[in-house]
Amino acid sequence: MMMTSEWAIILDEADALCEMILSSEPAHTLKLAYNAVYSDTQLVEAIYAFGRMKEQYEDVQRFGKYHPDYHTIMKSIRQQKRALDLNEKISALKLAENDFQDLLDEISMLIGKTVSEAVKVPVSNPFFASNSSCGSGCGSGGSCSCSA
C-alpha cells in the first residue's frame, strides 16, 4: 500500500480526533481519578493484595468446596472486594472510566454510521447498542445472533 495524500489527510484527521478525545472533560476526569487512586499508597497496597487474593480465588475455583481453604478465601475475597468498592476514590475512578467509555462508544457509533448504516459497532453501553443495527453488539461473543 502506497502512502497517498488521501491517506495523509486521514491520518491527520485521526490525530486531531485523538487530541480532541484526550483533551475532553471525561479524559481529564479519568486522569484525575486515576492519579487519586494510584497516588494513595495504602489504596495501592489494598489493590495489590486483592490481586494476590484473586489468584488464590482462581485456584480455589478449580477445586471448589473441596479446597482446604475454600471458606476462608471466599470470605476474604468478598470482604476485600467490598472494601475496595466502597472506597470513594475507586468509586470515582469507576464512574470516570464509564463516562470515558461512553464517549468512546458514541464516537465509534458516529464513525461507524458515517461509513454505512449497516456497520455493526460493538459498544459497552446498551443505550448505544439499541442504535446499532446488530442489537446487543457483535463484540459480545456471538450472543447478538446477527448474520455477520
# chains A, B, ... in the order shown; residues from 1 in each chain; ligands from 1
>>> closest_atom_pairs(of="stretch 48-73 of chain A", to="stretch 80-85 of chain A", cutoff="10 Å", atoms="only C-alpha atoms", output="tab-separated table")
residue	atom	partner	partner_atom	distance
A:Ala49	CA	A:Gln80	CA	8.5
A:Phe50	CA	A:Gln80	CA	6.3
A:Gly51	CA	A:Gln80	CA	10.0
A:Met53	CA	A:Gln80	CA	8.6
A:Lys54	CA	A:Lys81	CA	9.8
>>> closest_residue(among="A:Leu95, A:Val121, A:Leu110, A:Ile73", to="A:Ala33", atoms="only C-alpha atoms")
A:Leu95
>>> residues_around(residues="stretch 22-29 of chain A", least_positions_apart="5", cutoff="8 Å", atoms="only C-alpha atoms", output="PDB file with N, CA, C and O atoms, in the first residue's frame")
ATOM      1  N   ALA A  96     -15.621   7.520  36.316  1.00  0.00           N
ATOM      2  CA  ALA A  96     -14.861   8.211  35.274  1.00  0.00           C
ATOM      3  C   ALA A  96     -14.559   7.267  34.109  1.00  0.00           C
ATOM      4  O   ALA A  96     -14.638   7.671  32.940  1.00  0.00           O
ATOM      5  N   ASP A  99     -17.782   6.910  32.101  1.00  0.00           N
ATOM      6  CA  ASP A  99     -18.047   8.109  31.307  1.00  0.00           C
ATOM      7  C   ASP A  99     -17.139   8.186  30.085  1.00  0.00           C
ATOM      8  O   ASP A  99     -17.577   8.528  28.985  1.00  0.00           O
ATOM      9  N   PHE A 100     -15.867   7.848  30.277  1.00  0.00           N
ATOM     10  CA  PHE A 100     -14.927   7.863  29.160  1.00  0.00           C
ATOM     11  C   PHE A 100     -15.291   6.787  28.137  1.00  0.00           C
ATOM     12  O   PHE A 100     -15.240   7.025  26.930  1.00  0.00           O
ATOM     13  N   LEU A 103     -18.093   7.978  26.023  1.00  0.00           N
ATOM     14  CA  LEU A 103     -17.609   8.898  24.999  1.00  0.00           C
ATOM     15  C   LEU A 103     -17.026   8.122  23.817  1.00  0.00           C
ATOM     16  O   LEU A 103     -17.346   8.406  22.660  1.00  0.00           O
TER      17      LEU A 103
END
